[in-house]
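**Q** Got a structure here, written out as structure tokens. Questions coming.
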Amino acid sequence: MNRGIWVTLGTALGVAGVGGALLYSRRASAASPPTFTPPSGPGTGPAPAIELAPLPKAAHVKGDLSSNWGETPVDLRPLFVLMEEVARIPGSARVFATISYRESRFVTTAHNGNATGEQDERDGSRLAYDNNKAKNPPLRYGEQAAEFGSGGLFGALAPYFLWTGVPEVGSRAPLLNAPPELVFQPRAAAFGAAVYMQRILRNYRVDDIADIKVGWANPSLLGSGRGGTKYHDVRARFLIDAVALGIELTDATTIPPKLDASAWPGVPAVFAGLAGALPKELA
């Protein structure tokens, strides 16, 4: 195992321990989204219903669905493998699974920001929207996104989720006209996560697998924040999550020591491969 990973994991285990780690039950699905009350006002009416394709099955992917998956839900493994295959980032499937364990406990409709005590996530989505709306293409449901917080399999902050792909394709990004609730659909959440991982790998110094989760938390931690307390805390939590989940991050047969996104096929191809297409009125 990489020495840095051993040091981080050893420190984390000394503080937190993993012997009693329990996997949370999955109590929701894409078919039963939680209640979200959008803000009222001009231009904030109800969005049209969107139903993407269901979760992929084993027959829809080529990758291994049995080795080094730990307690990852069997029904979600093909989705994580499809993400790896469509995005062309070898070894990323089990990394996506470990990230999803932390961000949602594999509940596709996980929602942070709509309950007492979760105000911080709504503050984060408001700040993200207010600070970035002038320099990004407009979002049809921008006000709803600002009040949404974060959610879905990968804990995406709503405005950033809807702006997925903008740095690469600008106003042709596929989610600009979609409502934030689309993040509850696993294939849409998968698209957002695949694009985000590619951007982390392409634009930042990523020394090992744990650095990916650092970038997920805040890309600045891979720059000016590298080596600080927050940097090490995020790494430690990620490594503890992998142990709790039962995924061996140093199993080179399923996860290379460093991921490579150089074969990225582009945002349009990844959206088509993972999510398909949105209704015409949202395209």
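Simple scheme: letters A, B, ... for chains in structure tokens order, numbers from 1 for residues in each chain, numbers from 1 for ligands in the order shown.
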Excluding segment 66-81 of chain A and residues on its chain fewer than 2 positions from it, collect all residues at most 7 Å away from it, counting only C-alpha atoms, and give them as a VMD selection string.

**A** chain A and resid 55 to 58 61 63 to 64 83 to 85 93 to 94 96 to 97 245 to 248

**Q** What would the file look like if the residues just selected were written as an mmCIF file, in the first residue's frame with N, CA and C atoms?

**A**
```cif
data_model
loop_
_atom_site.group_PDB
_atom_site.id
_atom_site.type_symbol
_atom_site.label_atom_id
_atom_site.label_comp_id
_atom_site.auth_asym_id
_atom_site.auth_seq_id
_atom_site.Cartn_x
_atom_site.Cartn_y
_atom_site.Cartn_z
ATOM 1 N N LEU A 55 -31.993 1.785 -13.821
ATOM 2 C CA LEU A 55 -30.616 1.381 -13.567
ATOM 3 C C LEU A 55 -30.170 0.325 -14.584
ATOM 4 N N PRO A 56 -28.934 0.403 -15.046
ATOM 5 C CA PRO A 56 -28.440 -0.642 -15.951
ATOM 6 C C PRO A 56 -28.335 -1.978 -15.229
ATOM 7 N N LYS A 57 -28.386 -3.033 -15.995
ATOM 8 C CA LYS A 57 -28.258 -4.384 -15.468
ATOM 9 C C LYS A 57 -26.876 -4.956 -15.820
ATOM 10 N N ALA A 58 -26.597 -6.116 -15.284
ATOM 11 C CA ALA A 58 -25.300 -6.759 -15.530
ATOM 12 C C ALA A 58 -25.056 -6.952 -17.021
ATOM 13 N N VAL A 61 -23.173 -4.067 -19.162
ATOM 14 C CA VAL A 61 -21.778 -3.662 -18.964
ATOM 15 C C VAL A 61 -20.860 -4.861 -19.179
ATOM 16 N N GLY A 63 -17.654 -4.946 -17.452
ATOM 17 C CA GLY A 63 -16.757 -5.073 -16.322
ATOM 18 C C GLY A 63 -17.194 -6.082 -15.277
ATOM 19 N N ASP A 64 -16.252 -6.424 -14.407
ATOM 20 C CA ASP A 64 -16.467 -7.386 -13.329
ATOM 21 C C ASP A 64 -17.385 -6.801 -12.260
ATOM 22 N N MET A 83 -20.404 3.862 -15.593
ATOM 23 C CA MET A 83 -19.732 5.155 -15.485
ATOM 24 C C MET A 83 -18.262 5.029 -15.895
ATOM 25 N N GLU A 84 -17.606 4.001 -15.384
ATOM 26 C CA GLU A 84 -16.196 3.777 -15.737
ATOM 27 C C GLU A 84 -16.042 3.545 -17.228
ATOM 28 N N GLU A 85 -16.916 2.734 -17.807
ATOM 29 C CA GLU A 85 -16.775 2.366 -19.220
ATOM 30 C C GLU A 85 -17.124 3.529 -20.145
ATOM 31 N N ALA A 93 -14.776 2.725 -11.200
ATOM 32 C CA ALA A 93 -16.076 2.242 -10.733
ATOM 33 C C ALA A 93 -16.121 2.096 -9.224
ATOM 34 N N ARG A 94 -15.114 1.464 -8.646
ATOM 35 C CA ARG A 94 -15.122 1.232 -7.206
ATOM 36 C C ARG A 94 -14.811 2.509 -6.432
ATOM 37 N N PHE A 96 -16.016 5.446 -7.464
ATOM 38 C CA PHE A 96 -17.350 6.055 -7.446
ATOM 39 C C PHE A 96 -18.209 5.435 -6.339
ATOM 40 N N ALA A 97 -18.114 4.119 -6.183
ATOM 41 C CA ALA A 97 -18.902 3.448 -5.149
ATOM 42 C C ALA A 97 -18.525 3.950 -3.757
ATOM 43 N N LEU A 245 -16.733 -0.145 3.839
ATOM 44 C CA LEU A 245 -17.466 -0.690 2.700
ATOM 45 C C LEU A 245 -16.901 -2.026 2.255
ATOM 46 N N GLY A 246 -15.612 -2.233 2.479
ATOM 47 C CA GLY A 246 -14.978 -3.488 2.083
ATOM 48 C C GLY A 246 -14.338 -3.436 0.710
ATOM 49 N N ILE A 247 -14.006 -2.240 0.248
ATOM 50 C CA ILE A 247 -13.297 -2.082 -1.024
ATOM 51 C C ILE A 247 -11.825 -1.845 -0.736
ATOM 52 N N GLU A 248 -10.970 -2.656 -1.343
ATOM 53 C CA GLU A 248 -9.528 -2.532 -1.169
ATOM 54 C C GLU A 248 -8.984 -1.591 -2.242
#
```

**Q** What gap, in Å, lies between atom CA of Ala128 of chain A and atom CA of Leu157 of chain A?

**A**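 Atom CA of Leu157 of chain A lies 8.2 Å from atom CA of Ala128 of chain A.
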
**Q** Can you pull out every residue within 8 Å of Leu139 of chain A, counting only C-alpha atoms, but drop anything in the same chain fewer than 5 positions away, and send it as a list of chain:residue names?

**A**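 The neighbour list is A:Leu162, A:Trp163, A:Leu176, A:Asn177, A:Ala178.
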
**Q** Counting only C-alpha atoms, what is within 7 Å of Val270 of chain A, bar same-chain residues fewer than 6 positions away, as a CSV table (one decimal) with all heavy atoms, in the first residue's frame?

**A**
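Resulting contents of result-v4.csv:
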```
chain,number,residue,atom,x,y,z
A,86,VAL,N,-18.2,4.3,-19.8
A,86,VAL,CA,-18.6,5.4,-20.7
A,86,VAL,C,-17.6,6.5,-20.6
A,86,VAL,O,-17.2,7.2,-21.6
A,86,VAL,CB,-20.0,5.9,-20.3
A,86,VAL,CG1,-20.3,7.2,-21.0
A,86,VAL,CG2,-21.0,4.8,-20.7
A,87,ALA,N,-17.1,6.8,-19.4
A,87,ALA,CA,-16.2,7.9,-19.2
A,87,ALA,C,-14.7,7.5,-19.6
A,87,ALA,O,-13.9,8.4,-19.7
A,87,ALA,CB,-16.2,8.4,-17.7
A,191,PHE,N,-23.9,11.0,-14.4
A,191,PHE,CA,-23.3,11.9,-15.4
A,191,PHE,C,-22.5,13.0,-14.7
A,191,PHE,O,-21.4,13.3,-15.0
A,191,PHE,CB,-24.4,12.4,-16.3
A,191,PHE,CG,-24.0,13.7,-17.1
A,191,PHE,CD1,-23.0,13.6,-18.1
A,191,PHE,CD2,-24.5,14.9,-16.8
A,191,PHE,CE1,-22.6,14.7,-18.8
A,191,PHE,CE2,-24.1,16.0,-17.5
A,191,PHE,CZ,-23.2,15.9,-18.5
```

**Q** Write out as JSON, numbers by chain all residues of segment 53-191 of chain A that DSSP puts in alpha helix (DSSP H) for this structure's backbone.

**A** {"A": [77, 78, 79, 80, 81, 82, 83, 84, 85, 86, 87, 92, 93, 94, 95, 96, 97, 98, 99, 100, 101, 102, 103, 104, 119, 120, 121, 122, 123, 124, 125, 126, 127, 128, 129, 130, 131, 132, 142, 143, 144, 145, 146, 158, 159, 160, 161, 162, 166, 167, 168, 169, 186, 187, 188, 189, 190, 191]}

**Q** Taking C-alpha atoms for each residue, export the selection above as a PDB file, in the first residue's frame.

**A**
```pdb
ATOM      1  CA  ARG A  77     -22.698  -2.032  -9.310  1.00  0.00           C
ATOM      2  CA  PRO A  78     -23.624  -2.020 -13.025  1.00  0.00           C
ATOM      3  CA  LEU A  79     -24.197   1.751 -12.816  1.00  0.00           C
ATOM      4  CA  PHE A  80     -20.736   2.357 -11.348  1.00  0.00           C
ATOM      5  CA  VAL A  81     -19.180   0.084 -13.974  1.00  0.00           C
ATOM      6  CA  LEU A  82     -21.110   1.834 -16.745  1.00  0.00           C
ATOM      7  CA  MET A  83     -19.732   5.155 -15.485  1.00  0.00           C
ATOM      8  CA  GLU A  84     -16.196   3.777 -15.737  1.00  0.00           C
ATOM      9  CA  GLU A  85     -16.775   2.366 -19.220  1.00  0.00           C
ATOM     10  CA  VAL A  86     -18.567   5.386 -20.689  1.00  0.00           C
ATOM     11  CA  ALA A  87     -16.153   7.919 -19.167  1.00  0.00           C
ATOM     12  CA  SER A  92     -13.001   4.414 -11.386  1.00  0.00           C
ATOM     13  CA  ALA A  93     -16.076   2.242 -10.733  1.00  0.00           C
ATOM     14  CA  ARG A  94     -15.122   1.232  -7.206  1.00  0.00           C
ATOM     15  CA  VAL A  95     -13.923   4.755  -6.440  1.00  0.00           C
ATOM     16  CA  PHE A  96     -17.350   6.055  -7.446  1.00  0.00           C
ATOM     17  CA  ALA A  97     -18.902   3.448  -5.149  1.00  0.00           C
ATOM     18  CA  THR A  98     -16.780   4.556  -2.194  1.00  0.00           C
ATOM     19  CA  ILE A  99     -17.623   8.208  -2.833  1.00  0.00           C
ATOM     20  CA  SER A 100     -21.328   7.357  -3.037  1.00  0.00           C
ATOM     21  CA  TYR A 101     -21.126   5.512   0.279  1.00  0.00           C
ATOM     22  CA  ARG A 102     -19.934   8.705   1.966  1.00  0.00           C
ATOM     23  CA  GLU A 103     -22.219  11.115   0.126  1.00  0.00           C
ATOM     24  CA  SER A 104     -25.529   9.212   0.168  1.00  0.00           C
ATOM     25  CA  GLN A 119     -29.266  24.634   6.640  1.00  0.00           C
ATOM     26  CA  ASP A 120     -25.592  24.677   5.703  1.00  0.00           C
ATOM     27  CA  GLU A 121     -26.192  22.803   2.450  1.00  0.00           C
ATOM     28  CA  ARG A 122     -28.823  25.310   1.364  1.00  0.00           C
ATOM     29  CA  ASP A 123     -26.447  28.086   2.295  1.00  0.00           C
ATOM     30  CA  GLY A 124     -23.884  26.376   0.081  1.00  0.00           C
ATOM     31  CA  SER A 125     -26.234  26.098  -2.882  1.00  0.00           C
ATOM     32  CA  ARG A 126     -27.318  29.732  -2.540  1.00  0.00           C
ATOM     33  CA  LEU A 127     -23.713  30.859  -2.401  1.00  0.00           C
ATOM     34  CA  ALA A 128     -22.775  28.689  -5.366  1.00  0.00           C
ATOM     35  CA  TYR A 129     -25.608  30.123  -7.417  1.00  0.00           C
ATOM     36  CA  ASP A 130     -25.103  33.762  -6.439  1.00  0.00           C
ATOM     37  CA  ASN A 131     -21.343  33.639  -6.984  1.00  0.00           C
ATOM     38  CA  ASN A 132     -21.458  31.875 -10.342  1.00  0.00           C
ATOM     39  CA  GLY A 142     -31.824  28.588 -11.003  1.00  0.00           C
ATOM     40  CA  GLU A 143     -33.826  29.839  -8.045  1.00  0.00           C
ATOM     41  CA  GLN A 144     -34.948  26.314  -7.196  1.00  0.00           C
ATOM     42  CA  ALA A 145     -31.351  25.140  -7.457  1.00  0.00           C
ATOM     43  CA  ALA A 146     -30.219  27.890  -5.113  1.00  0.00           C
ATOM     44  CA  ALA A 158     -27.617  21.665  -7.125  1.00  0.00           C
ATOM     45  CA  PRO A 159     -26.313  24.674  -9.104  1.00  0.00           C
ATOM     46  CA  TYR A 160     -23.019  22.958  -9.881  1.00  0.00           C
ATOM     47  CA  PHE A 161     -24.879  19.810 -10.902  1.00  0.00           C
ATOM     48  CA  LEU A 162     -27.013  21.745 -13.397  1.00  0.00           C
ATOM     49  CA  VAL A 166     -20.253  24.092 -19.007  1.00  0.00           C
ATOM     50  CA  PRO A 167     -16.428  24.419 -18.892  1.00  0.00           C
ATOM     51  CA  GLU A 168     -16.210  21.998 -21.826  1.00  0.00           C
ATOM     52  CA  VAL A 169     -19.253  22.764 -23.990  1.00  0.00           C
ATOM     53  CA  PRO A 186     -29.263   7.758 -10.737  1.00  0.00           C
ATOM     54  CA  ARG A 187     -28.208   8.101 -14.366  1.00  0.00           C
ATOM     55  CA  ALA A 188     -28.229  11.891 -14.187  1.00  0.00           C
ATOM     56  CA  ALA A 189     -26.286  11.842 -10.922  1.00  0.00           C
ATOM     57  CA  ALA A 190     -23.834   9.447 -12.555  1.00  0.00           C
ATOM     58  CA  PHE A 191     -23.293  11.868 -15.430  1.00  0.00           C
TER      59      PHE A 191
END
```

**Q** What's the 9 Å shell around segment 208-214 of chain A, counting only C-alpha atoms, without same-chain residues fewer than 4 positions away, as a PDB file with N, CA and C atoms, in the first residue's frame?

**A**
```pdb
ATOM      1  N   ASN A   2       0.445   2.269  -0.714  1.00  0.00           N
ATOM      2  CA  ASN A   2       1.145   3.535  -0.734  1.00  0.00           C
ATOM      3  C   ASN A   2       1.395   4.038   0.680  1.00  0.00           C
ATOM      4  N   GLY A   4       1.794   6.966   1.964  1.00  0.00           N
ATOM      5  CA  GLY A   4       0.934   8.067   2.393  1.00  0.00           C
ATOM      6  C   GLY A   4      -0.432   7.584   2.834  1.00  0.00           C
ATOM      7  N   ILE A   5      -0.959   6.576   2.136  1.00  0.00           N
ATOM      8  CA  ILE A   5      -2.256   6.030   2.509  1.00  0.00           C
ATOM      9  C   ILE A   5      -2.165   5.326   3.861  1.00  0.00           C
ATOM     10  N   VAL A  95     -14.141   3.445  -7.064  1.00  0.00           N
ATOM     11  CA  VAL A  95     -13.923   4.755  -6.440  1.00  0.00           C
ATOM     12  C   VAL A  95     -15.246   5.504  -6.383  1.00  0.00           C
ATOM     13  N   ILE A  99     -17.154   6.829  -2.971  1.00  0.00           N
ATOM     14  CA  ILE A  99     -17.623   8.208  -2.833  1.00  0.00           C
ATOM     15  C   ILE A  99     -19.121   8.228  -2.548  1.00  0.00           C
ATOM     16  N   MET A 197     -15.287  13.926 -11.849  1.00  0.00           N
ATOM     17  CA  MET A 197     -14.041  13.192 -11.652  1.00  0.00           C
ATOM     18  C   MET A 197     -13.050  13.504 -12.771  1.00  0.00           C
ATOM     19  N   ILE A 200     -11.374  16.811 -12.116  1.00  0.00           N
ATOM     20  CA  ILE A 200     -10.387  16.731 -11.036  1.00  0.00           C
ATOM     21  C   ILE A 200      -9.094  16.120 -11.553  1.00  0.00           C
ATOM     22  N   LEU A 201      -9.209  15.008 -12.277  1.00  0.00           N
ATOM     23  CA  LEU A 201      -8.026  14.312 -12.774  1.00  0.00           C
ATOM     24  C   LEU A 201      -7.273  15.133 -13.819  1.00  0.00           C
ATOM     25  N   ASN A 218     -13.410  19.703  -2.130  1.00  0.00           N
ATOM     26  CA  ASN A 218     -13.061  21.073  -2.507  1.00  0.00           C
ATOM     27  C   ASN A 218     -11.777  21.043  -3.324  1.00  0.00           C
ATOM     28  N   PRO A 219     -11.843  21.355  -4.609  1.00  0.00           N
ATOM     29  CA  PRO A 219     -10.634  21.298  -5.430  1.00  0.00           C
ATOM     30  C   PRO A 219      -9.485  22.147  -4.912  1.00  0.00           C
ATOM     31  N   SER A 220      -9.792  23.212  -4.184  1.00  0.00           N
ATOM     32  CA  SER A 220      -8.715  24.059  -3.671  1.00  0.00           C
ATOM     33  C   SER A 220      -7.819  23.306  -2.688  1.00  0.00           C
ATOM     34  N   LEU A 221      -8.337  22.228  -2.102  1.00  0.00           N
ATOM     35  CA  LEU A 221      -7.529  21.429  -1.180  1.00  0.00           C
ATOM     36  C   LEU A 221      -6.416  20.679  -1.906  1.00  0.00           C
ATOM     37  N   LEU A 222      -6.535  20.576  -3.227  1.00  0.00           N
ATOM     38  CA  LEU A 222      -5.468  19.962  -4.015  1.00  0.00           C
ATOM     39  C   LEU A 222      -4.449  20.997  -4.472  1.00  0.00           C
ATOM     40  N   LYS A 230      -7.690  20.094   6.833  1.00  0.00           N
ATOM     41  CA  LYS A 230      -8.861  19.675   6.066  1.00  0.00           C
ATOM     42  C   LYS A 230      -8.483  18.637   5.017  1.00  0.00           C
ATOM     43  N   TYR A 231      -7.382  18.844   4.362  1.00  0.00           N
ATOM     44  CA  TYR A 231      -6.883  17.898   3.352  1.00  0.00           C
ATOM     45  C   TYR A 231      -6.737  16.506   3.970  1.00  0.00           C
ATOM     46  N   HIS A 232      -6.077  16.418   5.104  1.00  0.00           N
ATOM     47  CA  HIS A 232      -5.851  15.122   5.737  1.00  0.00           C
ATOM     48  C   HIS A 232      -7.131  14.540   6.310  1.00  0.00           C
ATOM     49  N   ASP A 233      -8.031  15.387   6.791  1.00  0.00           N
ATOM     50  CA  ASP A 233      -9.297  14.899   7.328  1.00  0.00           C
ATOM     51  C   ASP A 233     -10.132  14.219   6.234  1.00  0.00           C
ATOM     52  N   VAL A 234     -10.196  14.852   5.071  1.00  0.00           N
ATOM     53  CA  VAL A 234     -10.980  14.268   3.977  1.00  0.00           C
ATOM     54  C   VAL A 234     -10.371  12.947   3.531  1.00  0.00           C
ATOM     55  N   ARG A 235      -9.065  12.908   3.405  1.00  0.00           N
ATOM     56  CA  ARG A 235      -8.392  11.664   3.033  1.00  0.00           C
ATOM     57  C   ARG A 235      -8.699  10.562   4.055  1.00  0.00           C
ATOM     58  N   ALA A 236      -8.609  10.911   5.329  1.00  0.00           N
ATOM     59  CA  ALA A 236      -8.839   9.917   6.375  1.00  0.00           C
ATOM     60  C   ALA A 236     -10.259   9.355   6.299  1.00  0.00           C
ATOM     61  N   PHE A 238     -12.230   9.184   3.741  1.00  0.00           N
ATOM     62  CA  PHE A 238     -12.365   8.368   2.534  1.00  0.00           C
ATOM     63  C   PHE A 238     -11.770   6.975   2.745  1.00  0.00           C
ATOM     64  N   LEU A 239     -10.611   6.913   3.355  1.00  0.00           N
ATOM     65  CA  LEU A 239      -9.966   5.624   3.592  1.00  0.00           C
ATOM     66  C   LEU A 239     -10.751   4.793   4.594  1.00  0.00           C
ATOM     67  N   LEU A 249      -8.628  -0.392  -1.830  1.00  0.00           N
ATOM     68  CA  LEU A 249      -8.197   0.627  -2.789  1.00  0.00           C
ATOM     69  C   LEU A 249      -6.860   0.304  -3.445  1.00  0.00           C
ATOM     70  N   THR A 250      -6.086  -0.592  -2.839  1.00  0.00           N
ATOM     71  CA  THR A 250      -4.781  -0.935  -3.410  1.00  0.00           C
ATOM     72  C   THR A 250      -4.808  -2.247  -4.179  1.00  0.00           C
ATOM     73  N   ILE A 255      -8.283  -1.515  -9.351  1.00  0.00           N
ATOM     74  CA  ILE A 255      -8.079  -0.066  -9.224  1.00  0.00           C
ATOM     75  C   ILE A 255      -6.587   0.232  -9.388  1.00  0.00           C
ATOM     76  N   PRO A 256      -6.176   0.902 -10.442  1.00  0.00           N
ATOM     77  CA  PRO A 256      -4.758   1.259 -10.570  1.00  0.00           C
ATOM     78  C   PRO A 256      -4.370   2.289  -9.511  1.00  0.00           C
ATOM     79  N   PRO A 257      -3.068   2.398  -9.201  1.00  0.00           N
ATOM     80  CA  PRO A 257      -2.636   3.349  -8.166  1.00  0.00           C
ATOM     81  C   PRO A 257      -3.046   4.788  -8.444  1.00  0.00           C
ATOM     82  N   LYS A 258      -3.115   5.162  -9.731  1.00  0.00           N
ATOM     83  CA  LYS A 258      -3.578   6.486 -10.126  1.00  0.00           C
ATOM     84  C   LYS A 258      -4.542   6.317 -11.294  1.00  0.00           C
ATOM     85  N   LEU A 259      -5.621   7.057 -11.268  1.00  0.00           N
ATOM     86  CA  LEU A 259      -6.582   6.986 -12.360  1.00  0.00           C
ATOM     87  C   LEU A 259      -6.170   7.912 -13.497  1.00  0.00           C
TER      88      LEU A 259
END
```
